[in-house]
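Asker: Have a look at the structure that comes next, please.
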There are 2 protein chains.
Amino acid sequence: MKQDVFKAACSTCSLNEICMPIGFSSADMEKLDTLVSSRRRIQQGEVLFTTGESFVSLYVIRSGFFKTSNSLSDGREQVTGFQMAGELIGLDGIVSERHNCIATALEDSEVCALNFSDLEEASRELPALQQHIHKIMSREIVRENGILMLLGNLTAEERLAVFLLNLTQRLKARGFSESELELRMTRTEIGSYLGLTINTISRLFSKFKAAGILDVKMRSVKILNHTQLKSIYSEKL
Amino acid sequence: MKQDVFKAACSTCSLNEICMPIGFSSADMEKLDTLVSSRRRIQQGEVLFTTGESFVSLYVIRSGFFKTSNSLSDGREQVTGFQMAGELIGLDGIVSERHNCIATALEDSEVCALNFSDLEEASRELPALQQHIHKIMSREIVRENGILMLLGNLTAEERLAVFLLNLTQRLKARGFSESELELRMTRTEIGSYLGLTINTISRLFSKFKAAGILDVKMRSVKILNHTQLKSIYSEKL
DNA sequence: CGAGTCATTGATCTGTCTCAATATTAGTGG
DNA sequence: CCACTAATATTGAGACAGATCAATGACTCG
């Protein structure tokens, strides 16, 4: 099962998160179609936008996988999120009208650009769209709250468990297996996201493997014991 | 200099962040005044809203000081932010229509409740308001990105330095001294926010004091050497 | 096949936590 | 105004999770 073979139909595609909030008439849908100003293909490793660039559009991932990150002047980076098909990137650019992070494709991807001014205009006429935008932004705030909790309170083991469960849950919502996944990111990137080092991540994978919780072969991960993985952190959350 | 003696006039008051984005006619301003459905006084230690409560309004802090936090089932809490006059709380409630954190007053405070449905309705007619709301939400996302960076990459010393500089900067923007401040939160709360323990915070204050950077007497902090405080982290950010 | 990137694993080190004792402050009622 | 109590803060000693350093192994791609 691969993550890069999504269909293009709107009803099943990545856009549905933003295009299809409940309560949309087909007339509304037509209006929405005009918002998608362009589609872009982004190759693995390519940067969709970067810090400081002027902000024009939000991007919905149509297919593929991205990371968002910030970098410190000493070269280190902080990964702030991983996004998959159907998810939106670029919200952090609104406040200053400049992008505030780096969005990098972790596999060959396709995105739809949504001109933000147009989106604002359309949302004035479509309350359902307006509400949807607010909810998406609020959801991002809540998501980041969750990571704060993770970085502030959880042990390395717990963090990796939460990370894997979150990934598989999102994949499941997209119709993929919840027990097998192909990691799109390096150990270093996972580590940065979780506030840990590559060594610790690697050791934890080995540990989980030894405990019979996972089967890990490089980027391919199989969850053998879902219950046990959950129990690693579930007493706390 | 105290933080609880803000004037009530709209032009200088806490509301100006949301009420006064650039480009507002006085007719627009009138419409905005109707949005403020109620004012509430919250005593120190009281909870303004808590996780799970149904979300109706955003709150602008008119005077006082709040913390927002989440709690884990084992009793520990993660402080996700400290808010002062003019700042907005409650954005995390939009997505699920339930509040997603606990907002606690750290001193006697006064807030203005903004009914969110009314706000959405008004923003359909006032593009400047609409844009302002989007920017406020985006700013919150960027703010949290900054904390992720802090928790993921900085040492304890650097975290406390960033924390103090951020606080004084915000106080300065409100007309207060940038070198003297009265902490409204406990060491434990600072620790939770920065992903550290009370012991570490206390030790750091002592260390900064010994180094001549700060003068600390319980909750009252004086910054003696701003440059040195900045230099603790500035090479990285 | 070779070079480069990425991952694993061991040995050691260190920053921060934990535990515990003590000091300071704030609040309460007599 | 003072004693009593609870909450908060400081500080030391020791422990430990995760970092760092370094060597090796595995995979990828031209």
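Letters A, B, ... go to the chains of the structure tokens in the order shown; residues in each chain start at 1; ligands are counted from 1 in the same order.
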Please identify every residue of chain A that has at least one atom no more than 8 Å from any atom of chain C, counting only C-alpha atoms (C1' of nucleotides), and report them as a PyMOL selection string.

Answerer: chain A and resi 186-187+202-203+218

Asker: Keeping only C-alpha atoms, write those residues as an mmCIF file, in the first residue's frame.

Answerer:
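As a result, out_12.cif now contains:
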data_model
loop_
_atom_site.group_PDB
_atom_site.id
_atom_site.type_symbol
_atom_site.label_atom_id
_atom_site.label_comp_id
_atom_site.auth_asym_id
_atom_site.auth_seq_id
_atom_site.Cartn_x
_atom_site.Cartn_y
_atom_site.Cartn_z
ATOM 1 C CA THR A 186 14.410 10.155 8.359
ATOM 2 C CA ARG A 187 15.152 9.256 11.956
ATOM 3 C CA SER A 202 17.033 4.456 16.544
ATOM 4 C CA ARG A 203 17.482 2.869 19.952
ATOM 5 C CA MET A 218 14.454 0.893 7.836
#

Asker: Kindly assemble as JSON lines a list of the chain D residues that lie within 12 Å of chain A, each paired with its nearest atom pair and their distance in Å to one decimal, using only C-alpha atoms (C1' of nucleotides), sorted first by chain and then by ascending residue number.

Answerer:
{"residue": "D:DA17", "atom": "C1'", "partner": "A:Thr155", "partner_atom": "CA", "distance": 8.5}
{"residue": "D:DG18", "atom": "C1'", "partner": "A:Thr200", "partner_atom": "CA", "distance": 7.1}
{"residue": "D:DA19", "atom": "C1'", "partner": "A:Thr197", "partner_atom": "CA", "distance": 7.5}
{"residue": "D:DT20", "atom": "C1'", "partner": "A:Asn199", "partner_atom": "CA", "distance": 9.7}
{"residue": "D:DC21", "atom": "C1'", "partner": "A:Asn199", "partner_atom": "CA", "distance": 11.3}
{"residue": "D:DA26", "atom": "C1'", "partner": "A:Met218", "partner_atom": "CA", "distance": 9.1}
{"residue": "D:DC27", "atom": "C1'", "partner": "A:Met218", "partner_atom": "CA", "distance": 8.8}

Asker: Could those residues be written to a file, using N, CA and C atoms (P, O5', C5', C4', C3', O3' and C1' of nucleotides), as a compact mmCIF listing (two decimals), in the first residue's frame?

Answerer:
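Once everything was written out, this is part23.txt:
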# COMPACT_ATOMS: atom_id res chain seq x y z
P DA D 17 16.30 6.11 33.59
O5' DA D 17 15.62 7.00 32.47
C5' DA D 17 15.02 8.25 32.85
C4' DA D 17 15.34 9.31 31.81
C3' DA D 17 15.22 8.83 30.36
O3' DA D 17 14.61 9.88 29.62
C1' DA D 17 17.44 9.57 30.77
P DG D 18 14.10 9.63 28.15
O5' DG D 18 15.27 10.29 27.31
C5' DG D 18 15.57 11.65 27.57
C4' DG D 18 16.93 11.99 27.02
C3' DG D 18 17.16 11.63 25.54
O3' DG D 18 17.49 12.82 24.87
C1' DG D 18 19.01 10.99 26.89
P DA D 19 18.14 12.97 23.45
O5' DA D 19 19.62 13.42 23.82
C5' DA D 19 19.80 14.62 24.57
C4' DA D 19 21.27 15.00 24.60
C3' DA D 19 21.94 15.09 23.23
O3' DA D 19 22.79 16.22 23.17
C1' DA D 19 22.99 13.40 24.56
P DT D 20 23.57 16.53 21.83
O5' DT D 20 24.98 15.82 22.01
C5' DT D 20 25.75 16.07 23.18
C4' DT D 20 27.03 15.25 23.11
C3' DT D 20 27.74 15.25 21.75
O3' DT D 20 29.10 15.57 21.98
C1' DT D 20 27.45 13.03 22.53
P DC D 21 30.06 15.92 20.75
O5' DC D 21 30.92 14.58 20.60
C5' DC D 21 31.44 13.95 21.78
C4' DC D 21 32.06 12.62 21.43
C3' DC D 21 32.68 12.54 20.03
O3' DC D 21 33.96 11.91 20.16
C1' DC D 21 31.16 10.77 20.33
P DA D 26 24.95 -5.15 7.81
O5' DA D 26 23.96 -4.13 7.10
C5' DA D 26 22.80 -3.67 7.79
C4' DA D 26 22.14 -2.62 6.93
C3' DA D 26 21.84 -3.11 5.50
O3' DA D 26 20.52 -2.74 5.21
C1' DA D 26 23.01 -1.07 5.44
P DC D 27 19.69 -3.57 4.14
O5' DC D 27 19.15 -2.45 3.15
C5' DC D 27 18.65 -1.23 3.71
C4' DC D 27 19.10 -0.07 2.86
C3' DC D 27 18.76 -0.14 1.37
O3' DC D 27 17.69 0.76 1.14
C1' DC D 27 20.88 0.86 1.79

Asker: Which one of A:Asn225, A:Ser138, A:Ser57, A:Ser109 sits closest to chain B if you count only C-alpha atoms?

Answerer: A:Ser138

Asker: Output as JSON lines one row per residue of chain A within 9 Å of chain B: the closest atom pair and its distance in Å to one decimal place, counting only C-alpha atoms, sorted by chain and residue number ascending.

Answerer:
{"residue": "A:Asn70", "atom": "CA", "partner": "B:Met149", "partner_atom": "CA", "distance": 7.9}
{"residue": "A:Ser71", "atom": "CA", "partner": "B:Leu237", "partner_atom": "CA", "distance": 8.6}
{"residue": "A:Leu72", "atom": "CA", "partner": "B:Leu237", "partner_atom": "CA", "distance": 5.5}
{"residue": "A:Ser73", "atom": "CA", "partner": "B:Lys236", "partner_atom": "CA", "distance": 5.4}
{"residue": "A:Asp74", "atom": "CA", "partner": "B:Lys236", "partner_atom": "CA", "distance": 5.8}
{"residue": "A:Gly75", "atom": "CA", "partner": "B:Lys236", "partner_atom": "CA", "distance": 8.8}
{"residue": "A:Arg76", "atom": "CA", "partner": "B:Asn153", "partner_atom": "CA", "distance": 8.3}
{"residue": "A:Glu77", "atom": "CA", "partner": "B:Met149", "partner_atom": "CA", "distance": 8.4}
{"residue": "A:Gln78", "atom": "CA", "partner": "B:Met149", "partner_atom": "CA", "distance": 5.8}
{"residue": "A:Val79", "atom": "CA", "partner": "B:Met149", "partner_atom": "CA", "distance": 8.4}
{"residue": "A:Thr80", "atom": "CA", "partner": "B:Asn145", "partner_atom": "CA", "distance": 6.7}
{"residue": "A:Leu91", "atom": "CA", "partner": "B:Ser138", "partner_atom": "CA", "distance": 6.0}
{"residue": "A:Asp92", "atom": "CA", "partner": "B:Ser138", "partner_atom": "CA", "distance": 5.2}
{"residue": "A:Gly93", "atom": "CA", "partner": "B:Ser138", "partner_atom": "CA", "distance": 7.1}
{"residue": "A:Ile94", "atom": "CA", "partner": "B:Lys135", "partner_atom": "CA", "distance": 5.7}
{"residue": "A:Val95", "atom": "CA", "partner": "B:Lys135", "partner_atom": "CA", "distance": 4.2}
{"residue": "A:Ser96", "atom": "CA", "partner": "B:Lys135", "partner_atom": "CA", "distance": 7.7}
{"residue": "A:Asn100", "atom": "CA", "partner": "B:Val142", "partner_atom": "CA", "distance": 7.3}
{"residue": "A:Glu120", "atom": "CA", "partner": "B:Gln130", "partner_atom": "CA", "distance": 7.8}
{"residue": "A:Glu121", "atom": "CA", "partner": "B:Pro127", "partner_atom": "CA", "distance": 8.2}
{"residue": "A:Ser123", "atom": "CA", "partner": "B:Arg124", "partner_atom": "CA", "distance": 7.5}
{"residue": "A:Arg124", "atom": "CA", "partner": "B:Arg124", "partner_atom": "CA", "distance": 4.4}
{"residue": "A:Glu125", "atom": "CA", "partner": "B:Arg124", "partner_atom": "CA", "distance": 7.2}
{"residue": "A:Leu126", "atom": "CA", "partner": "B:Arg124", "partner_atom": "CA", "distance": 8.9}
{"residue": "A:Pro127", "atom": "CA", "partner": "B:Arg124", "partner_atom": "CA", "distance": 8.1}
{"residue": "A:Gln130", "atom": "CA", "partner": "B:Glu120", "partner_atom": "CA", "distance": 7.8}
{"residue": "A:Gln131", "atom": "CA", "partner": "B:Glu120", "partner_atom": "CA", "distance": 7.8}
{"residue": "A:His132", "atom": "CA", "partner": "B:Val95", "partner_atom": "CA", "distance": 8.6}
{"residue": "A:Ile133", "atom": "CA", "partner": "B:His134", "partner_atom": "CA", "distance": 8.9}
{"residue": "A:His134", "atom": "CA", "partner": "B:Ile94", "partner_atom": "CA", "distance": 7.0}
{"residue": "A:Lys135", "atom": "CA", "partner": "B:Val95", "partner_atom": "CA", "distance": 4.2}
{"residue": "A:Ile136", "atom": "CA", "partner": "B:Val95", "partner_atom": "CA", "distance": 6.9}
{"residue": "A:Met137", "atom": "CA", "partner": "B:Met137", "partner_atom": "CA", "distance": 6.6}
{"residue": "A:Ser138", "atom": "CA", "partner": "B:Asp92", "partner_atom": "CA", "distance": 5.2}
{"residue": "A:Arg139", "atom": "CA", "partner": "B:Val95", "partner_atom": "CA", "distance": 5.4}
{"residue": "A:Glu140", "atom": "CA", "partner": "B:Ile141", "partner_atom": "CA", "distance": 7.1}
{"residue": "A:Ile141", "atom": "CA", "partner": "B:Ile141", "partner_atom": "CA", "distance": 5.7}
{"residue": "A:Val142", "atom": "CA", "partner": "B:Asp92", "partner_atom": "CA", "distance": 5.6}
{"residue": "A:Glu144", "atom": "CA", "partner": "B:Glu144", "partner_atom": "CA", "distance": 6.5}
{"residue": "A:Asn145", "atom": "CA", "partner": "B:Thr80", "partner_atom": "CA", "distance": 6.7}
{"residue": "A:Ile147", "atom": "CA", "partner": "B:Leu148", "partner_atom": "CA", "distance": 7.7}
{"residue": "A:Leu148", "atom": "CA", "partner": "B:Leu148", "partner_atom": "CA", "distance": 6.6}
{"residue": "A:Met149", "atom": "CA", "partner": "B:Gln78", "partner_atom": "CA", "distance": 5.8}
{"residue": "A:Leu151", "atom": "CA", "partner": "B:Leu151", "partner_atom": "CA", "distance": 6.5}
{"residue": "A:Gly152", "atom": "CA", "partner": "B:Gly195", "partner_atom": "CA", "distance": 4.3}
{"residue": "A:Asn153", "atom": "CA", "partner": "B:Gly195", "partner_atom": "CA", "distance": 7.0}
{"residue": "A:Ser192", "atom": "CA", "partner": "B:Gly152", "partner_atom": "CA", "distance": 7.0}
{"residue": "A:Tyr193", "atom": "CA", "partner": "B:Gly152", "partner_atom": "CA", "distance": 7.6}
{"residue": "A:Leu194", "atom": "CA", "partner": "B:Gly152", "partner_atom": "CA", "distance": 7.2}
{"residue": "A:Gly195", "atom": "CA", "partner": "B:Gly152", "partner_atom": "CA", "distance": 4.3}
{"residue": "A:Leu196", "atom": "CA", "partner": "B:Gly152", "partner_atom": "CA", "distance": 7.5}
{"residue": "A:Glu235", "atom": "CA", "partner": "B:Ser73", "partner_atom": "CA", "distance": 7.3}
{"residue": "A:Lys236", "atom": "CA", "partner": "B:Ser73", "partner_atom": "CA", "distance": 5.4}
{"residue": "A:Leu237", "atom": "CA", "partner": "B:Leu72", "partner_atom": "CA", "distance": 5.4}

Asker: Pick out each residue of stretch 10-235 of chain B that DSSP on the backbone tags as strand (DSSP E or B); I need them as a ChimeraX atom specification.

Answerer: /B:36-42,47-49,54,57-63,65-71,77-84,88-89,98,102-105,109-115,180-182,214-217,220-223

Asker: Looking at only C-alpha atoms, which of A:Val111, A:Ile89, A:Ile102, A:Val60 is the one that sits closest to A:Arg41?

Answerer: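 Under the stated criterion, the closest residue is A:Val111.
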
Asker: Give me the residues near stretch 230-233 of chain B as a list in words, where near means some atom within 8 Å (using only C-alpha atoms (C1' of nucleotides)) and where sequence neighbours in that chain fewer than 6 positions away do not count.

Answerer: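 That gives Glu157, Glu158, Ala161, Val162 and Leu165 of chain B.
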
Asker: Give the alpha helix (DSSP H) residues of stretch 55-215 of chain B, as DSSP finds them on the backbone, and put them as a PyMOL selection string.

Answerer: chain B and resi 116-125+127-153+156-173+187-194+198-210

Asker: Identify which of the residues A:Arg40, A:Ile190, A:Leu181, A:Lys172 lies closest to A:Asp215, counting only C-alpha atoms when measuring atom-to-atom distances.

Answerer: A:Leu181

Asker: Could you pull the residues within 8 Å of A:Gln44, counting only C-alpha atoms (C1' of nucleotides), minus those fewer than 2 positions along the same chain, as a compact mmCIF listing (two decimals) with C-alpha atoms, in the first residue's frame?

Answerer:
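As written to disk, part-v6.txt reads:
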# COMPACT_ATOMS: atom_id res chain seq x y z
CA ILE A 42 6.70 19.10 -6.05
CA GLU A 46 11.96 20.16 -3.15
CA THR A 104 9.61 20.43 2.12
CA ALA A 105 8.22 17.52 0.14
CA LEU A 106 9.31 14.19 1.62
CA GLU A 107 8.09 12.35 -1.46
CA ASP A 108 6.92 13.39 -4.89
CA SER A 109 3.80 15.38 -4.20

Asker: In Å, how far is it from atom CA of B:Gly175 to atom CA of B:Arg219?

Answerer: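 Those two atoms sit 20.0 Å apart.
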
Asker: Using Å and a single decimal, report how far atom CA of A:Leu229 sits from atom CA of A:Leu167.

Answerer: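 Atom CA of A:Leu229 lies at a distance of 13.0 Å from atom CA of A:Leu167.
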